[in-house]
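Enquirer: The structure is given below, and queries will be raised subsequently.
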Amino acid sequence: MISPGFGLIVFFIILPFLSAIILSFTNQRLISPNPTEYVGLANYKQLLSVGVLTLDPKRNSNGAVVRDKNGALKYPRLRNFTRNNPQYPHIKGMRELFSWNVGDNQRTYILARDVVFIKAVINTLLFVLIVAPGQGGLALCLALLINQKLRGINIYRAIYFMPVVVSIVVVSLLWRFIYDYESGLLNNLLSSLTFGAFESVNWIGDTDFALGSIIVMSIWQAVGFHMVIWLSGLQTIPPSLYEAARIEGASKWQTFRYVTWPGLRNTAVLVFVVITMQAFALFTQIDVMTNGGPLDSTQSIVFQAVERGYGKQDISGGSAISVLLFVMVLCISLLQRWLTQGRS
Amino acid sequence: MAEIKLRDVHKSFGKVEVIKGVNIEIKDGEFVVIVGPSGCGKSTLLRMIAGLEDITQGTLEIDGVCMNDRQPKDRGIAMVFQTYAIFPHMTVRENVAFGLTINKIDKATRDLKVDEAARILQMENLLDRRPSELSGGQRQRVAIGRAIVRNPKVFLFDEPLSNLDASLRMDMRMEIGKLHQSLNASMIYVTHDQVEAMTLADKIVVLNDGKVMQSGSPMELYKEPANMFVASFLGAPSMNFINVEVHDINEENVTVYNPTLSPIKVPHKGRDISKKSQAILGLRPQYLRLVEPSDGILNGKVILTERLGAETIVEILLKDGKRVIAAISEDQILSNGKEIGLQFNPKQVHLFSSEDSKFLSENRK
Ligand SMILES: Nc1ncnc2c1ncn2[C@@H]1O[C@H](COP(=O)(O)OP(=O)(O)OP(=O)(O)O)[C@@H](O)[C@H]1O
Ligand SMILES: [Mg+2]
């Protein structure tokens with residue numbers, strides 16, 4: 001028996017999923033006069049190729065290192081190695097991702113063929129690593145505060161939950177106003193709180209702040225949702241356990257450690273899995289607020305997949321990114337599963 | 001060591017008064033059982049003693065020290081909950097040692113105390129298990145173990161056996177009795193089961209609607225109930241009540257009757273009761289005997305019999321439509337509808353005033 005529900009799942013999830021895998025091994029473009037060809041792993045190689053290069057500083061004829069007028073060391077130009085240099089075939093066509101100094105004046109370069117994609121991966125991982133504990137922890141704190149019998153506590157519940165009900169597109173638009181450089185709420189607020197001492201920051205236009213600003217906004221937006229999940233977990237803990245702990249003289253922290261947290265183990269797994277999945281799917285905020293900029297500092301994996309597939313009409317490249325994202329998320333879910341099962 | 005005094009204790013939740021002025025004195029080492037119907041405030045009273053609820057009015061003293069504002073851990077009490085309240089993620093050993101861990105007692109002392117408690121409760125073999133691997137009785141044992149380890153002056157039990165099945169309940173009841181003898185600590189035990197009350201208590205406190213109806217030794221309450229509530233609450237099946245009119249009074253006896261009851265003489269011990277006034281006769285089912293209809297003080301038809309083996313419970317419909325229950329201490333087969341007479345010794349009868357349901361066979365104070 002195939003129910004209509006199952007049919008829909010096949011049509012909207014399984015078929016696109018399979019076609020993404022198949023397309024990622026081809027050179028399919030959105031609109032193209034040329035026939036599609038099988039290209040093997042070429043798309044993946046293009047995305048994932050990274051290389052390391054360590055260079056000695058430039059020396060003059062006496063063998064002394066050359067310094068520029070600020071005293072910084074000078075190094076040979078990278079393109080001498082990555083363009084048409086038969087001695088370095090493995091880094092052919094790569095560009096610098098980042099670099100740092102090591103030991104005897106040497107400098108190590110991390111190179112990547114697809115710098116934008118690698119940046120997107122790094123940004124997304126950073127986003128996940130900060131949002132998962134940040135949002136989960138904040139949501140738990142709010143839930144603990146709200147899980148008290150106080151008059152009017154429901155008003156707070158509603159307030160914290162409100163951003164969840166508003167579409168993320170609308171939230172992103174609003175926060176663009178808040179973060180605005182010239183007349184944004186945040187800059188105005190900070191400068192009036194510090195009596196003008198605060199210098200305005202271009203929150204989403206500055207490479208140092210853009211990703212952080214998006215992280216803060218994202219945590220704020222969904223924290224209420226996870227607070228509600230924590231709250232439901234808190235309410236499954238029998239009150240008599242708290243009373244038993246109280247009679248034994250447990251402090252607030254001991255009560256949390258011995259009663260509350262163990263009672264929330266299953267909820268914690270749920271919350272962190274959901275947050276991780278949502279964080280990996282980071283797209284709307286980027287699309288509405290920064291478009292990946294400035295200088296690719298807010299690129300994300302999903303944004304890149306869409307950008308490639310539709311922006312650049314490179315369907316096969318976008319598909320390859322989607323498949324890679326799937327593999328990453330799958331690995332992390334398996335890891336989380338293994339970690340949480342090992343305990344009990 | 002531990003004497004507990006409750007003086008005119010009140011408790012209100014918002015506007016609702018739940019405990020309405022309770023006075024109880026508990027001597028050192030006494031086993032006090034608080035009984036009463038559901039919702040009468042037993043748990044609330046116990047939780048006030050434990051410090052889990054604050055006392056709206058009145059004082060609680062333990063060993064002469066007012067405890068009203070002390071934290072639960074400073075009151076020298078330990079409590080065993082109806083739902084066990086043991087921590088599901090800890091082993092039995094960790095559960096029993098919980099209070100010691102919290103108070104940072106070193107491991108050697110901890111193990112010593114846990115082993116001691118385990119020995120008393122005969123659960124040495126359970127120490128490394130988790131609560132999910134234990135039966136209900138074993139879980140309750142763990143909860144009691146945790147209480148023992150605290151070495152409290154007073155043990156508080158809130159219906160500790162009501163989640164257990166009947167046979168286990170009896171075993172655990174006996175164990176708690178033995179525990180009391182061996183530990184010699186004061187215990188306050190809340191239950192709505194009158195068998196537990198009768199068997200365990202040195203002193204029973206009958207609570208109804210937030211007020212103490214009567215307190216005293218089990219036999220005192222059984223034989224001399226102060227009012228109809230206590231009389232009907234203790235003893236199973238519960239006491240039969242029959243409305244009567246006072247016919248005559250002399251130095252020792254009062255003669256009462258009603259249309260279906262031939263006049264009988266019930267002893268009074270000097271009471272104020274007037275001729276022609278209404279009263280209520282209380283008859284324990286155990287004191288009724290079945291006789292031929294012609295010999296009965298009361299007559300009626302059998303409408304239901306329950307044969308329990310050693311005992312037979314018979315429900316009899318009297319001529320005036322009232323029902324009376326008799327408990328016969330032997331197995332008897334009676335057919336429904338059979339005409340039957342009931343005999344009893346008028347000396348074993350209780351007489352209550354119909355106005356305030358107080359016991360009348362005694363001098364009113
Ligand atoms: N936290 C509370 N807030 C308001 N009312 C309460 C609270 N706790 C108890 N009550 C009320 O107080 C009364 C006595 O409750 P309590 O739990 O003491 O009864 P109980 O005698 O233990 O009954 P049971 O045999 O069912 O356990 C009940 O009417 C109950 O509704
Ligand atoms: Mg109760």
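Chain labels run A, B, ... following the order of the structure tokens; each chain numbers its residues from 1, and ligands are numbered from 1 in the order shown.
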Arg323 of chain B: which residues within 10 Å, counting only C-alpha atoms, same-chain residues fewer than 6 positions away excluded, as a VMD selection string?
Expert: chain B and resid 240 to 242 300 to 303 315 to 317
Enquirer: Just write the chosen residues, C-alpha atoms, as a PDB file, in the first residue's frame.
Expert:
ATOM      1  CA  ASN B 240     -23.235   0.300  61.978  1.00  0.00           C
ATOM      2  CA  PHE B 241     -25.241   3.283  63.097  1.00  0.00           C
ATOM      3  CA  ILE B 242     -28.905   3.134  64.055  1.00  0.00           C
ATOM      4  CA  GLY B 300     -34.184  -8.403  58.837  1.00  0.00           C
ATOM      5  CA  LYS B 301     -33.436 -10.234  55.604  1.00  0.00           C
ATOM      6  CA  VAL B 302     -30.070 -11.321  54.304  1.00  0.00           C
ATOM      7  CA  ILE B 303     -29.280  -9.459  51.085  1.00  0.00           C
ATOM      8  CA  GLU B 315     -25.442  -7.507  54.875  1.00  0.00           C
ATOM      9  CA  ILE B 316     -28.904  -7.418  56.379  1.00  0.00           C
ATOM     10  CA  LEU B 317     -31.833  -5.255  55.334  1.00  0.00           C
TER      11      LEU B 317
END
Enquirer: Near chain A, which residues of chain B fall within 8 Å when you count only C-alpha atoms, and what do they look like as a list in words?
Expert: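 Every residue of chain B that passes the 8 Å test is in Ala50, Leu52, Pro72, Lys73, Ile77, Ala78, Met79, Phe81, Thr83, Ala85, Ile86, Phe87, His89, Phe98, Gly99, Ile102 and Asn103 of chain B.
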Enquirer: Do you have the atom CA of Leu325 of chain A-atom CA of Leu270 of chain A distance handy?
Expert: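 Distance reported for this atom pair: 20.3 Å.
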Enquirer: Just list as a list in words whatever in segment 266-305 of chain B DSSP marks as strand (DSSP E).
Expert: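 Those residues are Val266, Pro267, Gln278, Ala279, Ile280, Leu281, Gly282, Leu283, Arg289, Leu290, Val291, Leu298, Asn299, Gly300, Lys301, Val302, Ile303, Leu304 and Thr305 of chain B.
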Enquirer: Counting only C-alpha atoms, what is within 8 Å of Ser300 of chain A, bar same-chain residues fewer than 6 positions away, as an MDAnalysis selection string?
Expert: chainID A and resid 119:121 123:124 282:283 286 292
Enquirer: Show me, as a short mmCIF file (atom, residue, chain, number, x, y, z; two decimals) with all heavy atoms, in the first residue's frame, the residues that have an atom within 10 Å of Leu127 of chain B when counting only C-alpha atoms, minus same-chain residues fewer than 5 positions from it.
Expert:
data_model
loop_
_atom_site.label_atom_id
_atom_site.label_comp_id
_atom_site.auth_asym_id
_atom_site.auth_seq_id
_atom_site.Cartn_x
_atom_site.Cartn_y
_atom_site.Cartn_z
N THR B 91 22.93 4.48 41.41
CA THR B 91 22.79 3.13 41.94
C THR B 91 22.20 3.22 43.34
O THR B 91 22.07 4.29 43.91
CB THR B 91 24.16 2.44 42.06
OG1 THR B 91 24.95 3.19 42.98
CG2 THR B 91 24.87 2.36 40.73
N VAL B 92 21.82 2.05 43.86
CA VAL B 92 21.25 2.02 45.20
C VAL B 92 22.23 2.61 46.20
O VAL B 92 21.88 3.43 47.04
CB VAL B 92 20.90 0.57 45.57
CG1 VAL B 92 20.56 0.46 47.04
CG2 VAL B 92 19.75 0.08 44.70
N ARG B 93 23.51 2.24 46.07
CA ARG B 93 24.51 2.76 47.00
C ARG B 93 24.57 4.28 46.94
O ARG B 93 24.56 4.95 47.97
CB ARG B 93 25.88 2.16 46.66
CG ARG B 93 27.01 2.66 47.53
CD ARG B 93 28.33 2.02 47.15
NE ARG B 93 28.40 0.61 47.49
CZ ARG B 93 28.66 0.16 48.71
NH1 ARG B 93 28.86 1.00 49.69
NH2 ARG B 93 28.70 -1.13 48.94
N GLU B 94 24.58 4.81 45.72
CA GLU B 94 24.66 6.27 45.58
C GLU B 94 23.41 6.94 46.14
O GLU B 94 23.48 8.02 46.74
CB GLU B 94 24.84 6.65 44.11
CG GLU B 94 26.21 6.34 43.58
CD GLU B 94 26.28 6.36 42.05
OE1 GLU B 94 25.22 6.26 41.39
OE2 GLU B 94 27.39 6.46 41.54
N ASN B 95 22.27 6.28 45.93
CA ASN B 95 21.03 6.83 46.46
C ASN B 95 21.07 6.89 47.98
O ASN B 95 20.73 7.92 48.57
CB ASN B 95 19.85 5.97 46.02
CG ASN B 95 19.12 6.56 44.85
OD1 ASN B 95 18.52 7.62 44.96
ND2 ASN B 95 19.21 5.90 43.72
N VAL B 96 21.47 5.78 48.58
CA VAL B 96 21.47 5.74 50.04
C VAL B 96 22.47 6.74 50.59
O VAL B 96 22.23 7.40 51.60
CB VAL B 96 21.76 4.30 50.52
CG1 VAL B 96 21.90 4.27 52.03
CG2 VAL B 96 20.66 3.35 50.08
N VAL B 114 26.44 3.26 54.74
CA VAL B 114 25.56 2.62 53.76
C VAL B 114 25.47 1.12 54.05
O VAL B 114 24.38 0.53 54.03
CB VAL B 114 26.07 2.87 52.33
CG1 VAL B 114 25.29 2.04 51.33
CG2 VAL B 114 25.96 4.34 51.99
N ASP B 115 26.61 0.51 54.34
CA ASP B 115 26.60 -0.93 54.63
C ASP B 115 25.77 -1.24 55.86
O ASP B 115 25.03 -2.22 55.90
CB ASP B 115 28.04 -1.43 54.80
CG ASP B 115 28.79 -1.43 53.47
OD1 ASP B 115 28.11 -1.45 52.42
OD2 ASP B 115 30.03 -1.38 53.48
N ALA B 118 22.21 -0.99 54.88
CA ALA B 118 21.86 -2.12 54.02
C ALA B 118 21.68 -3.38 54.86
O ALA B 118 20.82 -4.21 54.59
CB ALA B 118 22.94 -2.33 52.97
N VAL B 142 15.10 1.16 49.66
CA VAL B 142 16.18 2.11 49.37
C VAL B 142 15.85 3.47 49.97
O VAL B 142 16.69 4.11 50.61
CB VAL B 142 16.40 2.23 47.84
CG1 VAL B 142 17.43 3.30 47.55
CG2 VAL B 142 16.82 0.91 47.26
#
Enquirer: Excluding same-chain residues fewer than 5 positions from segment 81-93 of chain A, what lies within 8 Å of it counting only C-alpha atoms, as a list in words?
Expert: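 Those residues are Val50, Gly51, Leu111 and Arg113 of chain A.
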Enquirer: Hey, can you spit out that residue selection with all heavy atoms as a PDB file, in the first residue's frame?
Expert:
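That gives us out.pdb:
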ATOM      1  N   VAL A  50      42.710  20.881  -0.942  1.00  0.00           N
ATOM      2  CA  VAL A  50      43.434  21.857  -0.153  1.00  0.00           C
ATOM      3  C   VAL A  50      44.906  21.465  -0.190  1.00  0.00           C
ATOM      4  O   VAL A  50      45.250  20.303  -0.396  1.00  0.00           O
ATOM      5  CB  VAL A  50      42.966  21.911   1.320  1.00  0.00           C
ATOM      6  CG1 VAL A  50      41.659  22.639   1.444  1.00  0.00           C
ATOM      7  CG2 VAL A  50      42.890  20.523   1.896  1.00  0.00           C
ATOM      8  N   GLY A  51      45.770  22.437  -0.017  1.00  0.00           N
ATOM      9  CA  GLY A  51      47.191  22.149  -0.026  1.00  0.00           C
ATOM     10  C   GLY A  51      47.901  23.005   0.994  1.00  0.00           C
ATOM     11  O   GLY A  51      47.368  23.990   1.497  1.00  0.00           O
ATOM     12  N   LEU A 111      46.262  26.464   1.288  1.00  0.00           N
ATOM     13  CA  LEU A 111      45.704  26.817  -0.015  1.00  0.00           C
ATOM     14  C   LEU A 111      44.476  25.975  -0.295  1.00  0.00           C
ATOM     15  O   LEU A 111      44.358  24.853   0.201  1.00  0.00           O
ATOM     16  CB  LEU A 111      46.746  26.540  -1.102  1.00  0.00           C
ATOM     17  CG  LEU A 111      48.112  27.167  -0.889  1.00  0.00           C
ATOM     18  CD1 LEU A 111      49.120  26.558  -1.836  1.00  0.00           C
ATOM     19  CD2 LEU A 111      48.029  28.665  -1.081  1.00  0.00           C
ATOM     20  N   ARG A 113      41.535  25.076  -3.574  1.00  0.00           N
ATOM     21  CA  ARG A 113      41.141  25.342  -4.948  1.00  0.00           C
ATOM     22  C   ARG A 113      39.882  26.185  -4.954  1.00  0.00           C
ATOM     23  O   ARG A 113      39.754  27.132  -5.692  1.00  0.00           O
ATOM     24  CB  ARG A 113      40.918  24.012  -5.677  1.00  0.00           C
ATOM     25  CG  ARG A 113      40.633  24.181  -7.158  1.00  0.00           C
ATOM     26  CD  ARG A 113      41.042  22.957  -7.936  1.00  0.00           C
ATOM     27  NE  ARG A 113      42.492  22.787  -7.937  1.00  0.00           N
ATOM     28  CZ  ARG A 113      43.094  21.606  -7.877  1.00  0.00           C
ATOM     29  NH1 ARG A 113      42.378  20.510  -7.796  1.00  0.00           N
ATOM     30  NH2 ARG A 113      44.398  21.531  -7.891  1.00  0.00           N
TER      31      ARG A 113
END
Enquirer: Kindly provide, as an MDAnalysis selection string, all nucleotide and amino acid residues lying within 10 Å of ligand 2, counting only C-alpha atoms and all ligand atoms.
Expert: chainID B and resid 36:47 81:82 158:159 190:192
Enquirer: Out of A:Ile215, A:Ala320, A:Thr340, A:Phe195, which residue has the shortest atom-to-atom distance to Pro133 of chain A when counting only C-alpha atoms?
Expert: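 Closest candidate: A:Ile215.
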